[in-house]
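Following: one structure in structure tokens, then a few remarks.
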Amino acid sequence: MTERPILFSGPMVRAILRNEKTQTRRVVKPVRGFERHNICRPDMAADPWAVWWHGDETDRVGCLQECHYGKPGDHLWVREKWASPDEDKSKPGRVAYDADGLCGCWIGSGEDRDFIAHGRILGASGYHECFPENGSTTFGLGKYSDIRSGEYPSYRYGWRPSIFMPRWASRTTLEITDVRVERVQDISEEDAWAEGVRPESGFAIAAYTKLWDKINAKRGYGWDLNPWVWVLEFKRLNV
């Protein structure tokens with residue numbers, strides 16, 4: 001069993017915590033450069049957890065490409081937007097999660113660690129027990145508004161992007177149950193719901209299309225381009 005990190009936005013973290021999100025789709029990035037060296041052949045794709053890349057719909061030449069997120073049985077630990085007031089942020093300690101406002105303290109490490117919840121942040125005028133008041137180094141009450149946004153790491157107690165979350169601060173571990181490859185537009189209505197979208201009206205696929213473009217269009221993988229994607233199905237381990 002291998003363990004790897006994976007990033008999720010706040011809304012998707014909340015959907016995972018509600019057990020409403022059990023799938024995620026990630027772009028299969030092409031590795032076309034290898035074809036010049038005659039390494040890539042379709043008959044190499046015997047591994048069920050790998051895919052060979054199509055140049056286009058008629059060019060049946062591609063590269064063997066393993067899913068770098070893992071295979072069934074592997075674990076993914078979720079990175080999300082977080083904050084911590086402790087000096088040594090590489091060790092378990094106090095932490096707050098922006099997705100749902102939960103704050104508390106991690107005790108121990110590995111499988112033996114425990115999370116002691118102090119409560120939820122009530123809002124800009126609310127108080128919680130995770131952060132020192134007015135930048136003090138003593139443990140005490142601090143305002144939610146003191147957890148400032150801004151460029152990391154300009155502010156010691158600021159919200160930190162998910163990419164900077166260390167393993168100890170992650171509260172959610174997922175087990176991969178299935179991996180497959182398909183075009184993003186092949187998603188079914190049922191799978192769109194499994195992606196965690198909850199449209200107020202209309203179809204889940206329409207809502208997922210907007211979500212996909214919000215994340216991926218600026219990266220050059222918009223819905224209209226219909227890119228190949230890894231489809232990861234998972235279950236949440238820590239409830």
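Residue numbers start at 1 in each chain; chains themselves are named A, B, ... in the order of the structure tokens; ligands are numbered from 1 in the order shown.
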
Extract, using only C-alpha atoms, all DNA, RNA and protein residues at most 8 Å from Asp178 of chain A, discarding same-chain residues fewer than 6 positions from it, and format them as a JSON list (two decimals) with N, CA, C and O atoms, in the first residue's frame.
```json
[["chain", "number", "residue", "atom", "x", "y", "z"],
["A", 71, "LYS", "N", -3.22, 2.99, -7.23],
["A", 71, "LYS", "CA", -4.11, 1.93, -7.71],
["A", 71, "LYS", "C", -5.02, 1.52, -6.55],
["A", 71, "LYS", "O", -4.82, 1.96, -5.40],
["A", 72, "PRO", "N", -6.04, 0.70, -6.81],
["A", 72, "PRO", "CA", -6.93, 0.27, -5.73],
["A", 72, "PRO", "C", -6.18, -0.30, -4.53],
["A", 72, "PRO", "O", -5.26, -1.11, -4.69],
["A", 231, "VAL", "N", -10.15, 8.65, -13.56],
["A", 231, "VAL", "CA", -11.33, 8.62, -12.69],
["A", 231, "VAL", "C", -10.97, 7.79, -11.47],
["A", 231, "VAL", "O", -10.73, 6.59, -11.57],
["A", 232, "LEU", "N", -10.86, 8.46, -10.33],
["A", 232, "LEU", "CA", -10.52, 7.79, -9.09],
["A", 232, "LEU", "C", -11.78, 7.64, -8.25],
["A", 232, "LEU", "O", -12.42, 8.64, -7.93],
["A", 233, "GLU", "N", -12.12, 6.42, -7.91],
["A", 233, "GLU", "CA", -13.20, 6.18, -6.96],
["A", 233, "GLU", "C", -12.57, 5.85, -5.61],
["A", 233, "GLU", "O", -11.55, 5.17, -5.56],
["A", 234, "PHE", "N", -13.19, 6.33, -4.53],
["A", 234, "PHE", "CA", -12.56, 6.18, -3.22],
["A", 234, "PHE", "C", -13.61, 6.10, -2.13],
["A", 234, "PHE", "O", -14.78, 6.41, -2.32]]
```

Who sits within 12 Å of Leu17 of chain A, only C-alpha atoms, same chain under 4 positions skipped, as a list in words: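 Non-adjacent residues within range: Phe8, Gly10, Pro11, Met12, Val13, Lys21, Thr22, Val78, Ala99, Asp100, Leu102, Arg171, Thr172, Thr173, Leu174, Gly196, Lys235, Arg236, Leu237, Asn238 and Val239 of chain A.
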
For Gln65 of chain A, the nearest of the candidates A:Pro199, A:Pro92, A:Trp230, A:Ile16, counting only C-alpha atoms: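 When distances to Gln65 of chain A are compared using only C-alpha atoms, the smallest one comes from A:Trp230.
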